[in-house]
>>> print(open('entry_21.cif').read())   # mmCIF, C-alpha atoms
data_start
loop_
_atom_site.label_atom_id
_atom_site.label_comp_id
_atom_site.auth_asym_id
_atom_site.auth_seq_id
_atom_site.Cartn_x
_atom_site.Cartn_y
_atom_site.Cartn_z
CA MET A 227 -18.07 38.39 8.55
CA GLU A 228 -18.64 34.95 7.03
CA HIS A 229 -17.17 36.14 3.73
CA SER A 230 -14.09 37.44 5.57
CA TYR A 231 -13.70 34.08 7.36
CA GLU A 232 -13.88 32.11 4.10
CA GLU A 233 -11.46 34.50 2.43
CA THR A 234 -8.99 34.20 5.30
CA LEU A 235 -9.17 30.40 5.16
CA THR A 236 -8.48 30.46 1.43
CA ARG A 237 -5.52 32.85 1.75
CA LEU A 238 -3.95 30.68 4.44
CA ALA A 239 -4.55 27.59 2.30
CA ALA A 240 -2.71 29.28 -0.57
CA ILE A 241 0.26 30.06 1.68
CA LEU A 242 0.45 26.46 2.95
CA ALA A 243 0.06 24.99 -0.53
CA LYS A 244 2.79 27.20 -1.91
CA HIS A 245 5.38 26.87 0.85
CA PHE A 246 4.99 23.45 2.55
CA ALA A 247 7.60 22.03 0.13
CA ASP A 248 9.51 25.25 -0.58
CA THR A 249 13.19 24.34 -0.75
CA ARG A 250 14.16 27.89 0.19
CA ILE A 251 12.82 27.29 3.72
CA VAL A 252 15.71 25.60 5.50
CA GLY A 253 14.46 25.78 9.09
CA THR A 254 13.34 22.28 10.09
CA ASP A 255 10.82 23.54 12.65
CA ILE A 256 9.20 25.89 10.14
CA ARG A 257 9.01 23.20 7.45
CA ASP A 258 7.48 20.73 9.91
CA SER A 259 4.94 23.32 11.10
CA LEU A 260 3.88 24.10 7.53
CA MET A 261 3.53 20.40 6.73
CA GLN A 262 1.50 19.68 9.89
CA ALA A 263 -0.70 22.70 9.24
CA LEU A 264 -1.50 21.49 5.72
CA ALA A 265 -2.17 17.97 7.04
CA SER A 266 -4.66 19.36 9.54
CA TYR A 267 -6.16 21.66 6.90
CA VAL A 268 -7.25 18.77 4.69
CA CYS A 269 -8.95 16.97 7.61
CA TYR A 270 -11.79 19.45 8.13
CA PRO A 271 -14.47 20.14 5.50
CA HIS A 272 -14.35 23.96 5.74
CA SER A 273 -10.58 24.21 5.44
CA LEU A 274 -10.41 21.48 2.76
CA ARG A 275 -12.91 23.43 0.67
CA ALA A 276 -10.62 26.44 1.11
CA VAL A 277 -7.76 24.44 -0.41
CA GLU A 278 -10.04 23.62 -3.34
CA ARG A 279 -10.77 27.35 -3.81
CA ILE A 280 -7.16 28.41 -4.36
CA PRO A 281 -6.13 28.99 -7.99
CA GLU A 282 -5.90 25.81 -10.04
CA GLU A 283 -2.23 26.34 -10.87
CA GLN A 284 -1.38 26.45 -7.15
CA ARG A 285 -3.49 23.36 -6.41
CA ILE A 286 -1.74 21.37 -9.14
CA ALA A 287 1.69 22.51 -7.92
CA MET A 288 0.76 21.38 -4.40
CA VAL A 289 -0.29 17.91 -5.58
CA ARG A 290 2.82 17.66 -7.75
CA ASN A 291 4.95 18.25 -4.65
CA LEU A 292 2.98 15.58 -2.78
CA LEU A 293 3.72 13.10 -5.58
CA ALA A 294 7.46 13.72 -5.65
CA PRO A 295 9.45 10.54 -4.90
CA TYR A 296 9.42 9.81 -1.18
CA GLU A 297 13.12 9.27 -0.65
CA GLN A 298 15.12 11.87 1.27
CA ARG A 299 12.17 14.00 2.36
CA PRO A 300 9.40 13.92 5.02
CA TRP A 301 7.51 11.21 3.13
CA ALA A 302 5.41 10.01 6.05
CA GLN A 303 3.74 13.39 6.50
CA THR A 304 3.05 13.89 2.80
CA ASN A 305 1.64 10.36 2.62
CA TRP A 306 -0.78 11.20 5.45
CA ILE A 307 -2.02 14.17 3.43
CA LEU A 308 -2.69 12.01 0.36
CA VAL A 309 -4.51 9.47 2.55
CA ARG A 310 -6.77 12.16 3.95
CA LEU A 311 -7.76 13.20 0.44
CA TRP A 312 -8.84 9.57 -0.18
CA ARG A 313 -10.46 8.62 3.12
CA GLY A 314 -14.17 8.16 2.51
CA CYS A 315 -13.68 6.70 -0.98
CA GLY A 316 -11.70 3.53 -0.30
CA PHE A 317 -12.94 0.02 0.49
CA GLY A 318 -14.45 0.03 4.00
CA TYR A 319 -12.77 3.40 4.57
CA ARG A 320 -15.68 5.57 5.66
CA TYR A 321 -15.16 5.25 9.41
CA THR A 322 -14.35 7.93 11.96
CA ARG A 323 -13.09 5.41 14.51
CA LEU A 324 -11.87 1.88 13.94
CA PRO A 325 -14.27 -0.87 15.12
CA HIS A 326 -12.11 -1.85 18.10
CA LEU A 327 -11.55 1.78 19.14
CA LEU A 328 -15.12 2.98 19.53
CA LYS A 329 -14.61 4.19 23.11
CA THR A 330 -12.80 7.47 22.70
CA LYS A 331 -12.41 10.28 25.21
CA LEU A 332 -14.70 13.22 24.52
CA GLU A 333 -11.84 15.69 24.78
CA ASP A 334 -10.17 13.93 21.83
CA ALA A 335 -13.12 14.48 19.49
CA ASN A 336 -11.53 17.48 17.76
CA LEU A 337 -8.29 15.69 16.84
CA PRO A 338 -7.65 15.65 13.08
CA SER A 339 -7.46 11.84 13.09
CA LEU A 340 -11.00 11.62 14.52
CA GLN A 341 -12.73 13.80 11.96
CA LYS A 342 -15.37 12.30 9.69
CA PRO A 343 -14.04 11.49 6.22
CA CYS A 344 -14.16 14.43 3.81
CA PRO A 345 -12.41 13.33 0.61
CA SER A 346 -11.59 15.74 -2.21
CA THR A 347 -12.49 14.41 -5.64
CA LEU A 348 -11.05 17.61 -7.14
CA LEU A 349 -7.58 17.05 -5.69
CA GLN A 350 -7.83 13.34 -6.52
CA GLN A 351 -8.40 14.32 -10.15
CA HIS A 352 -5.31 16.53 -10.08
CA MET A 353 -3.39 13.52 -8.78
CA ALA A 354 -4.74 11.29 -11.57
CA ASP A 355 -3.88 13.88 -14.23
CA LEU A 356 -0.34 14.32 -12.94
CA LEU A 357 0.32 10.58 -12.74
CA GLN A 358 -0.66 10.27 -16.40
CA GLN A 359 1.79 12.98 -17.49
CA GLY A 360 5.13 11.83 -18.86
CA PRO A 361 6.70 8.38 -18.64
CA ASP A 362 8.55 8.91 -15.36
CA VAL A 363 6.11 10.59 -12.94
CA ALA A 364 4.08 7.54 -11.94
CA PRO A 365 6.94 4.97 -11.89
CA SER A 366 9.21 7.14 -9.74
CA PHE A 367 6.38 7.94 -7.29
CA LEU A 368 5.12 4.36 -7.05
CA ASN A 369 8.61 2.91 -6.79
CA SER A 370 9.20 5.07 -3.73
CA VAL A 371 5.79 4.18 -2.22
CA LEU A 372 6.47 0.45 -2.68
CA ASN A 373 9.97 0.85 -1.20
CA GLN A 374 8.60 2.62 1.86
CA LEU A 375 5.81 0.06 2.29
CA ASN A 376 8.36 -2.75 2.19
CA TRP A 377 10.47 -0.92 4.77
CA ALA A 378 7.60 0.06 7.11
CA PHE A 379 5.96 -3.37 7.16
CA SER A 380 9.30 -5.19 7.58
CA GLU A 381 10.17 -2.90 10.50
CA PHE A 382 6.75 -3.55 12.03
CA ILE A 383 7.15 -7.33 11.80
CA GLY A 384 10.64 -7.16 13.31
CA MET A 385 9.35 -5.06 16.20
CA ILE A 386 6.37 -7.25 17.05
CA GLN A 387 8.73 -10.24 17.16
CA GLU A 388 10.77 -8.42 19.82
CA ILE A 389 7.65 -7.30 21.67
CA GLN A 390 6.22 -10.82 21.69
CA GLN A 391 9.47 -12.21 23.11
CA ALA A 392 9.54 -9.52 25.80
CA ALA A 393 5.88 -10.06 26.68
CA GLU A 394 6.45 -13.78 27.20
CA ARG A 395 9.06 -13.15 29.87
CA LEU A 396 8.03 -13.07 33.51
CA GLU A 397 8.93 -9.37 33.72
CA ARG A 398 6.57 -8.52 30.85
CA ASN A 399 5.96 -5.02 32.22
CA PHE A 400 9.39 -4.05 30.87
CA VAL A 401 8.25 -3.73 27.25
CA ASP A 402 9.65 -0.33 26.27
CA SER A 403 6.86 2.21 25.75
CA ARG A 404 8.88 4.05 23.10
CA GLN A 405 9.34 0.80 21.17
CA LEU A 406 5.58 0.23 21.30
CA LYS A 407 4.96 3.71 19.91
CA VAL A 408 7.43 3.24 17.04
CA CYS A 409 5.91 -0.16 16.29
CA ALA A 410 2.40 1.32 16.11
CA THR A 411 3.70 4.11 13.87
CA CYS A 412 5.20 1.60 11.43
CA PHE A 413 1.88 -0.25 11.35
CA ASP A 414 -0.08 2.95 10.72
CA LEU A 415 2.39 3.93 7.99
CA SER A 416 1.95 0.54 6.33
CA VAL A 417 -1.82 0.99 6.30
CA SER A 418 -1.62 4.53 4.94
CA LEU A 419 0.82 3.52 2.19
CA LEU A 420 -1.55 0.71 1.19
CA ARG A 421 -4.38 3.25 1.01
CA VAL A 422 -2.34 5.52 -1.27
CA LEU A 423 -1.73 2.51 -3.51
CA GLU A 424 -5.47 1.79 -3.48
CA MET A 425 -6.20 5.38 -4.46
CA THR A 426 -3.61 5.28 -7.25
CA ILE A 427 -4.84 2.03 -8.76
CA THR A 428 -8.45 3.21 -8.55
CA LEU A 429 -7.78 6.56 -10.19
CA VAL A 430 -5.21 5.43 -12.78
CA PRO A 431 -5.38 1.62 -13.13
CA GLU A 432 -3.44 1.66 -16.40
CA ILE A 433 -0.25 2.48 -14.45
CA PHE A 434 -0.26 -1.14 -13.28
CA LEU A 435 -2.39 -2.89 -15.87
CA ASP A 436 -1.50 -1.41 -19.28
CA TRP A 437 1.54 -3.48 -20.18
CA THR A 438 2.32 -1.41 -23.24
CA ARG A 439 3.85 0.91 -20.63
CA PRO A 440 7.45 -0.16 -19.98
CA THR A 441 7.16 -0.24 -16.17
CA SER A 442 3.60 -1.52 -15.62
CA GLU A 443 4.38 -5.23 -15.42
CA MET A 444 7.24 -4.65 -13.00
CA LEU A 445 5.10 -2.40 -10.78
CA LEU A 446 2.26 -4.92 -10.74
CA ARG A 447 4.61 -7.77 -9.82
CA ARG A 448 6.13 -5.74 -7.00
CA LEU A 449 2.68 -4.81 -5.75
CA ALA A 450 1.49 -8.44 -5.84
CA GLN A 451 4.60 -9.55 -3.96
CA LEU A 452 4.03 -7.02 -1.17
CA LEU A 453 0.30 -7.75 -0.90
CA ASN A 454 1.01 -11.47 -0.55
CA GLN A 455 3.64 -10.82 2.11
CA VAL A 456 1.25 -8.67 4.14
CA LEU A 457 -1.58 -11.17 3.83
CA ASN A 458 0.59 -14.12 4.80
CA ARG A 459 1.97 -12.36 7.88
CA VAL A 460 -1.41 -11.13 9.10
CA THR A 461 -3.63 -14.11 8.30
CA ALA A 462 -1.56 -17.12 9.37
CA GLU A 463 -3.45 -19.13 11.99
CA ARG A 464 -2.41 -18.28 15.59
CA ASN A 465 0.53 -16.35 14.23
CA LEU A 466 2.72 -13.63 15.64
CA PHE A 467 0.36 -10.85 14.54
CA ASP A 468 -2.58 -12.60 16.24
CA ARG A 469 -0.68 -13.02 19.49
CA VAL A 470 0.45 -9.41 19.68
CA VAL A 471 -3.03 -8.07 18.87
CA THR A 472 -4.49 -10.27 21.60
CA LEU A 473 -2.10 -8.78 24.18
CA ARG A 474 -3.74 -5.33 23.69
CA LEU A 475 -0.66 -3.58 24.99
CA PRO A 476 -0.93 0.16 25.77
CA GLY A 477 0.57 2.00 22.81
CA LEU A 478 -0.46 -0.62 20.25
CA GLU A 479 -4.15 0.30 20.24
CA SER A 480 -4.27 0.92 16.49
CA VAL A 481 -2.73 -2.47 15.61
CA ASP A 482 -5.58 -4.72 14.54
CA HIS A 483 -6.63 -6.99 11.67
CA TYR A 484 -9.32 -4.69 10.29
CA PRO A 485 -7.36 -1.63 9.07
CA ILE A 486 -4.61 -3.48 7.24
CA LEU A 487 -6.71 -6.32 5.80
CA VAL A 488 -9.38 -3.94 4.52
CA ALA A 489 -6.72 -1.79 2.85
CA VAL A 490 -5.24 -4.84 1.10
CA THR A 491 -8.72 -6.03 0.14
CA GLY A 492 -9.46 -2.66 -1.47
CA ILE A 493 -6.45 -3.05 -3.76
CA LEU A 494 -7.25 -6.67 -4.63
CA VAL A 495 -10.88 -5.91 -5.43
CA GLN A 496 -9.83 -3.09 -7.72
CA LEU A 497 -7.39 -5.39 -9.51
CA LEU A 498 -9.48 -8.55 -9.70
CA VAL A 499 -13.15 -7.49 -9.75
CA ARG A 500 -13.78 -3.96 -10.95
CA GLY A 501 -11.74 -3.56 -14.12
CA PRO A 502 -12.13 -4.88 -17.69
CA ALA A 503 -11.86 -8.67 -18.10
CA SER A 504 -8.46 -8.51 -19.84
CA GLU A 505 -6.96 -6.47 -16.98
CA ARG A 506 -8.52 -8.74 -14.34
CA GLU A 507 -6.98 -11.79 -15.99
CA ARG A 508 -3.60 -10.06 -16.21
CA ALA A 509 -3.69 -9.18 -12.51
CA THR A 510 -4.84 -12.71 -11.63
CA SER A 511 -1.95 -14.33 -13.48
CA VAL A 512 0.59 -12.08 -11.75
CA LEU A 513 -0.91 -12.67 -8.30
CA LEU A 514 -0.97 -16.45 -8.74
CA ALA A 515 2.53 -16.53 -10.25
CA ASP A 516 4.02 -14.98 -7.13
CA PRO A 517 5.53 -17.82 -5.07
CA CYS A 518 4.15 -16.28 -1.86
CA PHE A 519 0.50 -16.48 -2.99
CA GLN A 520 -1.68 -18.57 -0.68
CA LEU A 521 -5.39 -19.04 -1.30
CA ARG A 522 -5.76 -19.56 2.43
CA SER A 523 -5.04 -15.84 2.97
CA ILE A 524 -7.93 -14.85 0.69
CA CYS A 525 -10.27 -17.35 2.38
CA TYR A 526 -9.30 -15.79 5.72
CA LEU A 527 -10.91 -12.48 4.70
CA LEU A 528 -14.36 -14.07 4.80
CA GLY A 529 -13.68 -16.30 7.80
CA GLN A 530 -13.39 -19.43 5.69
CA PRO A 531 -10.78 -22.16 5.97
CA GLU A 532 -8.93 -22.93 2.75
CA PRO A 533 -10.87 -25.41 0.59
CA PRO A 534 -9.47 -28.91 1.29
CA ALA A 535 -7.58 -30.73 -1.42
CA PRO A 536 -9.59 -33.37 -3.28
CA GLY A 537 -9.95 -36.54 -1.25
CA THR A 538 -9.07 -34.95 2.10
CA ALA A 539 -11.42 -34.47 5.04
CA LEU A 540 -12.92 -31.13 6.01
CA PRO A 541 -10.97 -29.33 8.75
CA ALA A 542 -12.31 -29.47 12.29
CA PRO A 543 -14.29 -26.46 13.57
CA ASP A 544 -11.90 -23.84 14.89
CA ARG A 545 -12.13 -20.84 17.19
CA LYS A 546 -13.99 -17.73 16.11
CA ARG A 547 -12.41 -16.37 12.95
CA PHE A 548 -11.89 -12.88 11.59
CA SER A 549 -14.36 -12.10 8.81
CA LEU A 550 -15.20 -8.97 6.86
CA GLN A 551 -18.82 -10.12 7.11
CA SER A 552 -18.77 -9.17 10.81
CA TYR A 553 -18.36 -5.46 10.03
CA VAL A 554 -21.78 -4.60 8.61
CA ASP A 555 -21.52 -1.03 9.90
CA TYR A 556 -18.23 -0.50 8.09
CA ILE A 557 -18.41 -2.56 4.89
CA SER A 558 -21.34 -2.36 2.48
CA ALA A 559 -23.24 -5.31 1.03
CA ASP A 560 -21.85 -4.44 -2.42
CA GLU A 561 -18.30 -4.50 -1.10
CA LEU A 562 -18.84 -7.88 0.55
CA ALA A 563 -20.31 -9.24 -2.68
CA GLN A 564 -17.14 -8.12 -4.50
CA VAL A 565 -14.95 -9.96 -1.99
CA GLU A 566 -17.05 -13.11 -2.40
CA GLN A 567 -16.72 -12.78 -6.18
CA MET A 568 -12.95 -12.33 -5.83
CA LEU A 569 -12.62 -15.44 -3.65
CA ALA A 570 -14.66 -17.56 -6.08
CA HIS A 571 -12.56 -16.28 -8.99
CA LEU A 572 -9.22 -16.96 -7.29
CA THR A 573 -10.34 -20.40 -6.11
CA SER A 574 -11.20 -21.35 -9.69
CA ALA A 575 -8.12 -19.70 -11.19
CA SER A 576 -5.69 -21.28 -8.73
CA ALA A 577 -7.18 -24.73 -9.39
CA GLN A 578 -6.77 -24.23 -13.13
CA ALA A 579 -3.21 -22.95 -12.71
CA ALA A 580 -2.27 -25.97 -10.59
CA ALA A 581 -3.69 -28.34 -13.18
CA ALA A 582 -1.92 -26.62 -16.08
CA SER A 583 1.45 -26.02 -14.44
CA LEU A 584 4.36 -27.87 -15.93
CA PRO A 585 7.52 -28.65 -14.00
CA THR A 586 10.43 -26.33 -14.87
CA SER A 587 14.00 -27.49 -14.48
CA GLU A 588 16.02 -25.54 -11.95
CA GLU A 589 18.52 -24.42 -14.58
CA ASP A 590 15.72 -22.60 -16.47
CA LEU A 591 14.53 -20.65 -13.41
CA CYS A 592 15.61 -17.10 -12.66
CA PRO A 593 18.65 -17.37 -10.33
CA ILE A 594 17.43 -14.31 -8.38
CA CYS A 595 13.85 -15.23 -7.43
CA TYR A 596 13.63 -18.93 -8.40
CA ALA A 597 9.96 -18.23 -9.19
CA HIS A 598 9.88 -17.29 -12.89
CA PRO A 599 11.62 -18.69 -15.99
CA ILE A 600 14.68 -16.86 -17.29
CA SER A 601 13.45 -14.35 -19.87
CA ALA A 602 16.05 -11.56 -20.09
CA VAL A 603 19.77 -11.35 -20.89
CA PHE A 604 21.91 -8.34 -19.96
CA GLN A 605 24.35 -6.69 -22.31
CA PRO A 606 27.29 -6.58 -22.50
CA CYS A 607 27.97 -9.17 -19.77
CA GLY A 608 25.45 -11.83 -20.90
CA HIS A 609 24.07 -12.73 -17.46
CA LYS A 610 20.39 -13.64 -17.23
CA SER A 611 17.31 -13.36 -14.99
CA CYS A 612 13.56 -13.02 -15.39
CA LYS A 613 12.21 -9.68 -16.62
CA ALA A 614 10.50 -8.93 -13.31
CA CYS A 615 13.75 -9.12 -11.34
CA ILE A 616 15.87 -7.08 -13.75
CA ASN A 617 13.17 -4.43 -14.28
CA GLN A 618 12.81 -3.95 -10.54
CA HIS A 619 16.59 -3.86 -10.10
CA LEU A 620 17.03 -1.23 -12.81
CA MET A 621 14.69 1.17 -11.02
CA ASN A 622 17.48 1.81 -8.52
CA ASN A 623 20.70 0.28 -9.87
CA LYS A 624 22.33 -0.15 -13.30
CA ASP A 625 24.92 -2.77 -12.30
CA CYS A 626 24.61 -6.48 -13.07
CA PHE A 627 23.47 -8.63 -10.12
CA PHE A 628 26.36 -11.02 -10.64
CA CYS A 629 29.45 -9.27 -12.01
CA LYS A 630 28.65 -5.59 -11.29
CA ALA A 631 29.24 -4.60 -14.92
CA THR A 632 27.17 -1.63 -16.06
CA ILE A 633 24.08 -2.88 -17.91
CA VAL A 634 23.74 -1.06 -21.23
CA SER A 635 20.67 -2.93 -22.49
CA VAL A 636 18.35 -5.83 -21.65
CA GLU A 637 17.28 -8.28 -24.35
CA ASP A 638 14.43 -10.79 -24.44
CA TRP A 639 15.73 -14.34 -24.08
CA GLU A 640 14.22 -17.72 -24.84
CA LYS A 641 15.98 -21.02 -24.44
CA GLY A 642 17.11 -22.25 -27.84
CA ALA A 643 16.10 -19.05 -29.66
CA ASN A 644 18.57 -16.94 -31.60
CA THR A 645 16.49 -13.78 -31.90
CA SER A 646 15.99 -11.17 -29.22
CA THR A 647 14.44 -7.76 -28.67
CA THR A 648 16.62 -5.11 -27.08
CA SER A 649 15.55 -2.48 -24.56
CA SER A 650 17.76 0.22 -23.11
CA ALA A 651 18.75 -0.02 -19.45
CA ALA A 652 18.83 3.73 -19.19
#
>>> encode(input="entry_21.cif", output="C-alpha cells")
Amino acid sequence: MEHSYEETLTRLAAILAKHFADTRIVGTDIRDSLMQALASYVCYPHSLRAVERIPEEQRIAMVRNLLAPYEQRPWAQTNWILVRLWRGCGFGYRYTRLPHLLKTKLEDANLPSLQKPCPSTLLQQHMADLLQQGPDVAPSFLNSVLNQLNWAFSEFIGMIQEIQQAAERLERNFVDSRQLKVCATCFDLSVSLLRVLEMTITLVPEIFLDWTRPTSEMLLRRLAQLLNQVLNRVTAERNLFDRVVTLRLPGLESVDHYPILVAVTGILVQLLVRGPASERERATSVLLADPCFQLRSICYLLGQPEPPAPGTALPAPDRKRFSLQSYVDYISADELAQVEQMLAHLTSASAQAAAASLPTSEEDLCPICYAHPISAVFQPCGHKSCKACINQHLMNNKDCFFCKATIVSVEDWEKGANTSTTSSAA
C-alpha cells in the first residue's frame, strides 16, 4: 500500500511538472489549478520528494519553465514555488511562523504557508545549472525579477502612504479591507522576490560578480540600487513603514520589519562577506557608489545608530530599536557574526571612500543618474551616459534616451581620449 501511495504521488508530480506551464492549456481556471497544485506540492516533504523522483529530464524542464522571464505570465505564483524550494537555506529563513505571528489558529496548521521548511537541494542545483547555460538565460530571468521587485515594492510604498493618511483621519475605520489585502500581497511579493535573488546569488554568484560577463556589472548595480531603496524606506527613523506597522491593522499582519530586512541582509551578506576577496571588494564599491547608500541603514540592522561624524557628540538614547540580535531563535550566532563583520567592513570602506572621493564637475556626470561619470557614447547619434544607465536601458529598449535614434553600438568614452572600444547594442 505504501509503495502504491508513493507511486501515485510521483505520477501526479510528473503530470503537474509537465503541464503547469503547458501553452496548449488555454483554460485560465485549469492553468491556475495546476499552478496552485504544484505550489502546494513543493510545500510538503512527502510530495516534494515525489517531485524529486520524477525523471531528470522532466525535472529540468519544470525548473526551466519556472525560470522563464516573468513578464506576461503568472509570475507571482511561479516565484512562490521557487521561494519554497529555497526556504530553509536562506539567511534567518528557517521559521515556520514569523516572530510576530506566533499565535496561529490550530485549524490553520495544515496550510501550505505554515509548513516547516523543506528545501530541495536537487532542484536548486537544476536551477544553478540552467542559469549557467547560455549568455541570455540568467540576464533575462534576473532582469524580470528585478523589474517585478521594483514594481511590487513601489506599489507597496504607495499603498501604505494612502493607508497612513486614511488611518490618521477621524473615521479611520474606513480603511478599505481590499486595499489592505493588496498592500500585504505586494509586501509579501517583495519579500519573496528578494529571497529568489538571495537564492540566485548564493547558487550562482558569478552572474552578478564575474564582470567578464557582459551583463554582470549592470545586474549588480541594479540590485544594489533596489537593496538601498528598500533599506532606506524600511529603516528610516519613525518613518512611514514604522507607523503603519505600529497600527497593526487587520489584513496587514504579515507586514513587519523582520521578513524584509532579513531577506535583504541575506543578499548583502552573500555579496560582502561570504565570497572571495576580489568579489567582495567589487560588490562593496558598487554598493557605496550608489547615491542612495546610507550607512545608517546597515547600522539599523544591529540596532545601532550611525557612527557620528568626527568631532560631533554621540546621539541621545532613543526608543527601543529593531535589531537582528533580538531574534536568537531565528538567526544563528554565525549569521549574526557575519552581519557584524559586514557592518565593520562597510563602516571602514565608506570612511575610506569619503576620504578619497574627488569632486566631479556636473558636466562630467551622467545626465541620466547624476551619480556616475560619463563612460559610454552611443552610435550613431553620439549621445553619452554612464555604462550602468545605458546597459540597463538596453535590456528593454534600443532607442537613445535623448533623441530616440536606434542605438547600433555603445563605445567606451573618456574625456579627452580619442580611442574607444565598441560593443554591439544588439
>>> resolve_selection(input="entry_21.cif", expression="the PyMOL selection byres ((chain A and resi 317) around 8)", output="list in words")
Cys315, Gly316, Gly318, Tyr319, Val488, Ala489, Thr491, Gly492, Ile557 and Glu561 of chain A
>>> closest_residue(input="entry_21.cif", among="A:Ile493, A:Leu311, A:Ala614, A:Val268", to="A:Ala515", atoms="only C-alpha atoms")
A:Ala614
>>> closest_residue(input="entry_21.cif", among="A:Asp258, A:Glu432, A:Asp414, A:Asp468", to="A:Ala378", atoms="only C-alpha atoms")
A:Asp414
>>> closest_residue(input="entry_21.cif", among="A:Phe382, A:Phe548, A:Met288, A:Val417", to="A:Ala462", atoms="only C-alpha atoms")
A:Phe548
>>> residues_around(input="entry_21.cif", residues="A:Leu274", least_positions_apart="5", cutoff="12 Å", atoms="only C-alpha atoms", output="mmCIF file with C-alpha atoms, in the coordinates of the input")
data_model
loop_
_atom_site.group_PDB
_atom_site.id
_atom_site.type_symbol
_atom_site.label_atom_id
_atom_site.label_comp_id
_atom_site.auth_asym_id
_atom_site.auth_seq_id
_atom_site.Cartn_x
_atom_site.Cartn_y
_atom_site.Cartn_z
ATOM 1 C CA GLU A 232 -13.880 32.110 4.100
ATOM 2 C CA LEU A 235 -9.170 30.400 5.160
ATOM 3 C CA THR A 236 -8.480 30.460 1.430
ATOM 4 C CA LEU A 238 -3.950 30.680 4.440
ATOM 5 C CA ALA A 239 -4.550 27.590 2.300
ATOM 6 C CA ALA A 240 -2.710 29.280 -0.570
ATOM 7 C CA LEU A 242 0.450 26.460 2.950
ATOM 8 C CA ALA A 243 0.060 24.990 -0.530
ATOM 9 C CA ALA A 263 -0.700 22.700 9.240
ATOM 10 C CA LEU A 264 -1.500 21.490 5.720
ATOM 11 C CA ALA A 265 -2.170 17.970 7.040
ATOM 12 C CA SER A 266 -4.660 19.360 9.540
ATOM 13 C CA TYR A 267 -6.160 21.660 6.900
ATOM 14 C CA VAL A 268 -7.250 18.770 4.690
ATOM 15 C CA CYS A 269 -8.950 16.970 7.610
ATOM 16 C CA ARG A 279 -10.770 27.350 -3.810
ATOM 17 C CA ILE A 280 -7.160 28.410 -4.360
ATOM 18 C CA ARG A 285 -3.490 23.360 -6.410
ATOM 19 C CA ILE A 307 -2.020 14.170 3.430
ATOM 20 C CA ARG A 310 -6.770 12.160 3.950
ATOM 21 C CA LEU A 311 -7.760 13.200 0.440
ATOM 22 C CA PRO A 343 -14.040 11.490 6.220
ATOM 23 C CA CYS A 344 -14.160 14.430 3.810
ATOM 24 C CA PRO A 345 -12.410 13.330 0.610
ATOM 25 C CA SER A 346 -11.590 15.740 -2.210
ATOM 26 C CA THR A 347 -12.490 14.410 -5.640
ATOM 27 C CA LEU A 348 -11.050 17.610 -7.140
ATOM 28 C CA LEU A 349 -7.580 17.050 -5.690
#
>>> atom_distance(input="entry_21.cif", atom1="atom CA of A:Ser370", atom2="atom CA of A:Leu293")
9.9 Å
>>> atom_distance(input="entry_21.cif", atom1="atom CA of A:Pro440", atom2="atom CA of A:Cys595")
20.6 Å
>>> atom_distance(input="entry_21.cif", atom1="atom CA of A:Arg290", atom2="atom CA of A:His352")
8.5 Å
>>> resolve_selection(input="entry_21.cif", expression="the PyMOL selection byres ((chain A and resi 630) around 12)", output="MDAnalysis selection string")
chainID A and resid 604:609 623:629 631:634
>>> residues_around(input="entry_21.cif", residues="A:Leu375", least_positions_apart="3", cutoff="12 Å", atoms="all atoms listed in the file", output="MDAnalysis selection string")
chainID A and resid 296 301:302 305 368:372 378:382 412:423 448:449 451:453 455:456
>>> residues_around(input="entry_21.cif", residues="A:Asn291", least_positions_apart="6", cutoff="9 Å", atoms="all atoms listed in the file", output="VMD selection string")
chain A and resid 246 to 247 304
>>> closest_residue(input="entry_21.cif", among="A:Met425, A:His326, A:Glu589, A:Thr461", to="A:Leu478", atoms="all atoms listed in the file")
A:His326
>>> build_atoms(input="entry_21.cif", residues="stretch 587-594 of chain A", atoms="N, CA, C and O atoms", output="mmCIF file, in the coordinates of the input")
data_model
loop_
_atom_site.group_PDB
_atom_site.id
_atom_site.type_symbol
_atom_site.label_atom_id
_atom_site.label_comp_id
_atom_site.auth_asym_id
_atom_site.auth_seq_id
_atom_site.Cartn_x
_atom_site.Cartn_y
_atom_site.Cartn_z
ATOM 1 N N SER A 587 12.710 -27.076 -15.048
ATOM 2 C CA SER A 587 14.000 -27.490 -14.480
ATOM 3 C C SER A 587 14.647 -26.303 -13.785
ATOM 4 O O SER A 587 14.474 -25.147 -14.178
ATOM 5 N N GLU A 588 15.409 -26.596 -12.757
ATOM 6 C CA GLU A 588 16.020 -25.540 -11.950
ATOM 7 C C GLU A 588 16.925 -24.652 -12.780
ATOM 8 O O GLU A 588 17.017 -23.443 -12.550
ATOM 9 N N GLU A 589 17.589 -25.221 -13.779
ATOM 10 C CA GLU A 589 18.520 -24.420 -14.580
ATOM 11 C C GLU A 589 17.806 -23.391 -15.448
ATOM 12 O O GLU A 589 18.424 -22.434 -15.915
ATOM 13 N N ASP A 590 16.481 -23.554 -15.661
ATOM 14 C CA ASP A 590 15.720 -22.600 -16.470
ATOM 15 C C ASP A 590 15.058 -21.522 -15.622
ATOM 16 O O ASP A 590 14.442 -20.598 -16.157
ATOM 17 N N LEU A 591 15.153 -21.633 -14.292
ATOM 18 C CA LEU A 591 14.530 -20.650 -13.410
ATOM 19 C C LEU A 591 15.453 -19.468 -13.187
ATOM 20 O O LEU A 591 16.681 -19.601 -13.198
ATOM 21 N N CYS A 592 14.841 -18.311 -12.973
ATOM 22 C CA CYS A 592 15.610 -17.100 -12.660
ATOM 23 C C CYS A 592 16.476 -17.361 -11.424
ATOM 24 O O CYS A 592 15.961 -17.773 -10.378
ATOM 25 N N PRO A 593 17.778 -17.106 -11.477
ATOM 26 C CA PRO A 593 18.650 -17.370 -10.330
ATOM 27 C C PRO A 593 18.500 -16.337 -9.213
ATOM 28 O O PRO A 593 19.120 -16.488 -8.158
ATOM 29 N N ILE A 594 17.668 -15.312 -9.430
ATOM 30 C CA ILE A 594 17.430 -14.310 -8.380
ATOM 31 C C ILE A 594 16.227 -14.693 -7.535
ATOM 32 O O ILE A 594 16.302 -14.760 -6.315
#
